[in-house]
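Shown next: model.txt, given as compact mmCIF, C-alpha atoms.
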# COMPACT_ATOMS: atom_id res chain seq x y z
CA MET N 1 35.00 26.66 12.07
CA PRO N 2 34.65 22.90 11.39
CA ALA N 3 34.24 21.78 7.82
CA THR N 4 30.78 20.62 6.95
CA ARG N 5 30.32 17.13 5.68
CA PRO N 6 26.85 17.10 4.22
CA HIS N 7 27.54 13.94 2.22
CA LEU N 8 28.27 12.05 5.45
CA ASP N 9 25.12 13.37 7.10
CA ARG N 10 23.16 12.54 3.96
CA ASP N 11 24.59 9.02 3.79
CA LEU N 12 23.84 8.45 7.47
CA LYS N 13 20.29 9.78 7.18
CA ARG N 14 19.71 7.64 4.06
CA LYS N 15 20.88 4.57 5.99
CA GLN N 16 18.61 5.42 8.92
CA ILE N 17 15.63 5.81 6.59
CA LEU N 18 16.43 2.47 4.94
CA ASP N 19 16.80 0.79 8.34
CA ALA N 20 13.42 2.09 9.55
CA ALA N 21 11.69 1.26 6.26
CA GLU N 22 13.15 -2.23 6.21
CA ARG N 23 11.89 -3.00 9.69
CA LEU N 24 8.41 -1.69 8.88
CA LEU N 25 8.15 -3.30 5.45
CA LEU N 26 9.23 -6.71 6.71
CA ARG N 27 7.01 -6.53 9.77
CA ASP N 28 3.90 -4.86 8.36
CA GLY N 29 4.13 -5.26 4.59
CA TYR N 30 4.08 -2.63 1.87
CA GLU N 31 0.48 -1.45 2.12
CA ALA N 32 0.60 -0.99 5.90
CA THR N 33 3.92 0.87 5.84
CA ALA N 34 3.33 4.61 5.73
CA MET N 35 6.06 7.02 4.65
CA ALA N 36 5.05 9.21 7.60
CA GLU N 37 5.84 6.34 9.99
CA VAL N 38 9.22 5.82 8.31
CA ALA N 39 9.89 9.55 8.82
CA ARG N 40 8.75 9.44 12.45
CA ARG N 41 11.00 6.48 13.25
CA THR N 42 13.91 8.21 11.56
CA GLY N 43 13.31 11.51 13.33
CA VAL N 44 12.80 13.59 10.21
CA ALA N 45 9.92 15.60 8.80
CA ASN N 46 7.47 13.64 6.66
CA ASN N 47 8.56 15.30 3.44
CA ALA N 48 12.26 14.72 4.22
CA VAL N 49 11.97 11.03 3.31
CA TYR N 50 11.05 12.15 -0.21
CA TRP N 51 14.32 14.09 -0.50
CA TYR N 52 16.09 10.74 -0.33
CA PHE N 53 13.50 8.51 -2.02
CA PRO N 54 11.11 10.14 -4.51
CA SER N 55 8.37 7.57 -3.86
CA LYS N 56 7.41 4.66 -1.66
CA ASP N 57 8.30 2.35 -4.54
CA ASP N 58 11.79 3.87 -4.73
CA LEU N 59 12.16 3.24 -1.01
CA LEU N 60 10.95 -0.36 -1.38
CA ALA N 61 13.39 -0.93 -4.24
CA ALA N 62 16.28 0.52 -2.22
CA VAL N 63 15.46 -1.68 0.77
CA LEU N 64 15.31 -4.77 -1.44
CA ARG N 65 18.52 -3.82 -3.29
CA ARG N 66 20.39 -3.48 0.02
CA ARG N 67 18.97 -6.77 1.29
CA GLN N 68 19.99 -8.51 -1.94
CA GLU N 69 23.54 -7.18 -1.66
CA ARG N 70 23.78 -8.41 1.92
CA ALA N 71 22.19 -11.76 1.06
CA LEU N 72 24.61 -12.40 -1.78
CA GLU N 73 27.55 -11.58 0.49
CA SER N 74 26.30 -13.99 3.15
CA LEU N 75 25.74 -17.03 0.92
CA PRO N 76 28.15 -19.90 1.50
CA ALA N 77 31.06 -20.09 -0.92
CA ARG N 78 30.60 -22.59 -3.73
CA GLU N 79 34.07 -23.98 -3.06
CA THR N 80 33.33 -24.86 0.56
CA SER N 81 29.66 -25.83 0.54
CA THR N 82 27.40 -28.37 -1.10
CA PRO N 83 24.74 -27.43 -3.65
CA ASP N 84 22.13 -28.38 -1.04
CA GLU N 85 23.64 -25.92 1.44
CA GLN N 86 23.75 -23.22 -1.21
CA ALA N 87 20.13 -23.79 -2.23
CA LEU N 88 18.91 -23.81 1.38
CA ALA N 89 20.86 -20.62 2.12
CA MET N 90 19.20 -18.92 -0.86
CA LEU N 91 15.78 -20.06 0.39
CA ALA N 92 16.51 -18.78 3.89
CA GLN N 93 17.35 -15.36 2.45
CA LEU N 94 14.15 -15.35 0.39
CA ASP N 95 12.12 -16.30 3.43
CA GLN N 96 13.20 -13.08 5.12
CA VAL N 97 11.45 -10.99 2.45
CA ALA N 98 8.61 -13.42 1.67
CA LYS N 99 6.03 -10.96 2.99
CA LEU N 100 6.98 -8.67 0.09
CA THR N 101 7.03 -11.22 -2.76
CA ALA N 102 3.49 -10.56 -4.00
CA THR N 103 3.98 -6.82 -3.57
CA VAL N 104 7.12 -6.83 -5.71
CA HIS N 105 5.29 -8.67 -8.48
CA GLU N 106 2.35 -6.29 -8.33
CA ARG N 107 4.34 -3.05 -7.92
CA SER N 108 6.77 -3.96 -10.71
CA LYS N 109 3.86 -3.51 -13.14
CA HIS N 110 3.54 0.14 -12.08
CA SER N 111 6.99 1.19 -10.91
CA ALA N 112 10.20 1.28 -12.91
CA ALA N 113 12.24 1.23 -9.69
CA VAL N 114 10.57 -1.94 -8.39
CA ALA N 115 10.63 -3.57 -11.85
CA GLU N 116 14.35 -2.86 -12.13
CA MET N 117 14.98 -4.37 -8.70
CA HIS N 118 12.86 -7.41 -9.53
CA GLU N 119 14.80 -7.95 -12.75
CA ALA N 120 18.10 -7.57 -10.87
CA PHE N 121 16.94 -10.18 -8.36
CA HIS N 122 16.06 -12.59 -11.15
CA ALA N 123 19.39 -12.01 -12.89
CA ALA N 124 21.31 -12.68 -9.67
CA ALA N 125 19.25 -15.76 -8.77
CA ASP N 126 19.51 -17.07 -12.33
CA GLY N 127 23.29 -16.66 -12.27
CA LEU N 128 23.59 -18.46 -8.95
CA LEU N 129 21.33 -21.30 -10.03
CA ARG N 130 22.99 -21.70 -13.41
CA SER N 131 26.37 -21.94 -11.68
CA LEU N 132 25.00 -24.49 -9.25
CA PHE N 133 23.65 -26.61 -12.11
CA ARG N 134 26.80 -26.21 -14.19
CA ASP N 135 28.87 -27.34 -11.19
CA ALA N 136 26.58 -30.38 -11.01
CA GLY N 137 27.52 -31.30 -14.56
CA LEU N 138 24.70 -29.88 -16.68
CA ASP N 139 25.61 -28.23 -19.97
CA ALA N 140 24.87 -24.51 -20.38
CA ASP N 141 21.45 -24.99 -22.05
CA ASP N 142 20.26 -27.54 -19.50
CA ALA N 143 21.59 -25.40 -16.64
CA ALA N 144 19.59 -22.44 -17.96
CA GLN N 145 16.41 -24.52 -18.20
CA ALA N 146 16.94 -26.03 -14.75
CA ALA N 147 17.50 -22.56 -13.27
CA ARG N 148 14.23 -21.30 -14.80
CA ALA N 149 12.35 -24.34 -13.50
CA MET N 150 13.77 -23.89 -10.00
CA MET N 151 12.87 -20.17 -9.94
CA ALA N 152 9.33 -20.94 -11.11
CA LEU N 153 8.98 -23.50 -8.32
CA VAL N 154 10.33 -21.22 -5.59
CA GLU N 155 8.39 -18.15 -6.70
CA GLY N 156 5.23 -20.20 -7.05
CA ILE N 157 5.60 -21.44 -3.50
CA HIS N 158 6.32 -17.94 -2.19
CA LEU N 159 3.38 -16.40 -4.03
CA HIS N 160 0.77 -19.08 -3.45
CA GLU N 161 1.67 -20.57 -0.09
CA PRO N 162 2.18 -17.68 2.32
CA ASP N 163 1.74 -20.01 5.31
CA ARG N 164 4.04 -22.63 3.81
CA ASP N 165 5.71 -25.38 5.73
CA THR N 166 9.37 -24.34 5.38
CA ALA N 167 10.73 -27.83 5.96
CA GLY N 168 8.32 -29.26 3.39
CA ARG N 169 9.28 -26.55 0.92
CA ASP N 170 12.98 -27.22 1.51
CA ASN N 171 12.45 -30.94 0.91
CA LEU N 172 10.54 -30.24 -2.30
CA VAL N 173 13.23 -27.85 -3.59
CA LEU N 174 16.04 -30.30 -2.77
CA TRP N 175 14.08 -33.17 -4.34
CA THR N 176 13.65 -31.06 -7.49
CA LEU N 177 17.30 -30.02 -7.46
CA HIS N 178 18.39 -33.66 -7.36
CA ARG N 179 15.97 -34.63 -10.15
CA LEU N 180 17.07 -31.79 -12.40
CA ALA N 181 20.75 -32.47 -11.78
CA PRO N 182 21.38 -36.03 -10.62
CA GLY N 183 25.07 -35.15 -10.30
CA VAL N 184 24.37 -32.80 -7.39
CA SER N 185 26.03 -34.00 -4.21
CA SER N 186 24.22 -33.45 -0.93

Reformat the file's structure so that it appears as structure tokens.
Amino acid sequence: MPATRPHLDRDLKRKQILDAAERLLLRDGYEATAMAEVARRTGVANNAVYWYFPSKDDLLAAVLRRRQERALESLPARETSTPDEQALAMLAQLDQVAKLTATVHERSKHSAAVAEMHEAFHAAADGLLRSLFRDAGLDADDAAQAARAMMALVEGIHLHEPDRDTAGRDNLVLWTLHRLAPGVSS
């Protein structure tokens, strides 16, 4: 009799649920994504999704956590890229989840899972931006302030300009980057 490997089946099913949820969330948004549709696309019973993710917010947080891990892995190395390339790569990653930006802000008020993911995103982005500004010659305090200013700019654009002109946004972010840290090389 073959040995059972429930942890492998569980890991695979969890991945399949995340894959289906990610596609639906990014295409349709949070409100239009039903847990029943995630279950249907995964080939499981409706209540089975809840065995893996206790709530829709937990599923959203897991999708975003996985995307963040992948995004961080795919960013260009600081040693082999310019600050402009790094900043544009971060923006490109954010653009992929832009449809969920307002949802994350709203749901983080009601869901510990989403709030935790949102805080983790900010911590990661802050660390990346601080490093970018430190590499450009700013001291630690100025790098922290510049990172906060840059995040406020980017989040403001993502929240208030859903139909933004990406090229215009990129130009504005790079212009701001160069004003905050004149030592940044293009």

Original post:
N:Val154, N:Ala124, N:Leu59, N:Ala39: which is nearest N:Ala71, counting all atoms listed in the file?
Top reply: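 For N:Ala71, the nearest of the candidates is N:Ala124.
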
For a cutoff of 12 Å around the file-coordinate point (16.6, -15.7, 5.3), which residues qualify once you count all atoms listed in the file? I'd like the result as a compact mmCIF listing (two decimals) with C-alpha atoms, in the coordinates of the input.
# COMPACT_ATOMS: atom_id res chain seq x y z
CA LEU N 26 9.23 -6.71 6.71
CA ARG N 67 18.97 -6.77 1.29
CA GLN N 68 19.99 -8.51 -1.94
CA ARG N 70 23.78 -8.41 1.92
CA ALA N 71 22.19 -11.76 1.06
CA LEU N 72 24.61 -12.40 -1.78
CA SER N 74 26.30 -13.99 3.15
CA LEU N 75 25.74 -17.03 0.92
CA ALA N 87 20.13 -23.79 -2.23
CA LEU N 88 18.91 -23.81 1.38
CA ALA N 89 20.86 -20.62 2.12
CA MET N 90 19.20 -18.92 -0.86
CA LEU N 91 15.78 -20.06 0.39
CA ALA N 92 16.51 -18.78 3.89
CA GLN N 93 17.35 -15.36 2.45
CA LEU N 94 14.15 -15.35 0.39
CA ASP N 95 12.12 -16.30 3.43
CA GLN N 96 13.20 -13.08 5.12
CA VAL N 97 11.45 -10.99 2.45
CA ALA N 98 8.61 -13.42 1.67
CA LYS N 99 6.03 -10.96 2.99
CA THR N 166 9.37 -24.34 5.38

Counting only C-alpha atoms, find the residues whose atoms lie at most 12 Å from (7.4, -3.5, -11.0) (file coordinates) and write them out as a PDB file with C-alpha atoms, in the coordinates of the input.
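The new file result_18.pdb reads:
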ATOM      1  CA  ASP N  57       8.300   2.350  -4.540  1.00  0.00           C
ATOM      2  CA  ASP N  58      11.790   3.870  -4.730  1.00  0.00           C
ATOM      3  CA  LEU N  60      10.950  -0.360  -1.380  1.00  0.00           C
ATOM      4  CA  ALA N  61      13.390  -0.930  -4.240  1.00  0.00           C
ATOM      5  CA  THR N 101       7.030 -11.220  -2.760  1.00  0.00           C
ATOM      6  CA  ALA N 102       3.490 -10.560  -4.000  1.00  0.00           C
ATOM      7  CA  THR N 103       3.980  -6.820  -3.570  1.00  0.00           C
ATOM      8  CA  VAL N 104       7.120  -6.830  -5.710  1.00  0.00           C
ATOM      9  CA  HIS N 105       5.290  -8.670  -8.480  1.00  0.00           C
ATOM     10  CA  GLU N 106       2.350  -6.290  -8.330  1.00  0.00           C
ATOM     11  CA  ARG N 107       4.340  -3.050  -7.920  1.00  0.00           C
ATOM     12  CA  SER N 108       6.770  -3.960 -10.710  1.00  0.00           C
ATOM     13  CA  LYS N 109       3.860  -3.510 -13.140  1.00  0.00           C
ATOM     14  CA  HIS N 110       3.540   0.140 -12.080  1.00  0.00           C
ATOM     15  CA  SER N 111       6.990   1.190 -10.910  1.00  0.00           C
ATOM     16  CA  ALA N 112      10.200   1.280 -12.910  1.00  0.00           C
ATOM     17  CA  ALA N 113      12.240   1.230  -9.690  1.00  0.00           C
ATOM     18  CA  VAL N 114      10.570  -1.940  -8.390  1.00  0.00           C
ATOM     19  CA  ALA N 115      10.630  -3.570 -11.850  1.00  0.00           C
ATOM     20  CA  GLU N 116      14.350  -2.860 -12.130  1.00  0.00           C
ATOM     21  CA  MET N 117      14.980  -4.370  -8.700  1.00  0.00           C
ATOM     22  CA  HIS N 118      12.860  -7.410  -9.530  1.00  0.00           C
ATOM     23  CA  GLU N 119      14.800  -7.950 -12.750  1.00  0.00           C
ATOM     24  CA  ALA N 120      18.100  -7.570 -10.870  1.00  0.00           C
ATOM     25  CA  PHE N 121      16.940 -10.180  -8.360  1.00  0.00           C
TER      26      PHE N 121
END

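Of the residues listed (N:Asp142, N:Ala147, N:Tyr52, N:Glu22), N:Tyr52 shows the shortest atom-to-atom separation from N:Arg10; distances use all atoms listed in the file.
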
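Take atom CA of N:Gly137 and atom CA of N:Ala152: the distance between them is 21.2 Å.
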
Subject >> Residue contacts of N:Ala36 (12 Å, only C-alpha atoms) excluding same-chain residues fewer than 5 positions away, as a list in words >> reply: Ile17, Ala20, Ala21, Leu24, Arg41, Thr42, Gly43, Val44, Ala45, Asn46, Asn47, Ala48, Val49, Tyr50 and Lys56 of chain N

**OP:** Would you work out the distance separating atom CA of N:Ala136 from atom CA of N:Val184, expressed in Å to one decimal?
**Re:**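 Computing the Euclidean distance for atom CA of N:Ala136 and atom CA of N:Val184 yields 4.9 Å.
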
Original post:
What is the atom CA of N:Leu100 to atom CA of N:His160 distance in Å?
Top reply: 12.6 Å

Original post:
Hey, which of N:Leu132, N:Ala140, N:Leu153, N:Ala167 ends up closest to N:Arg78? Count only C-alpha atoms.
Top reply: N:Leu132
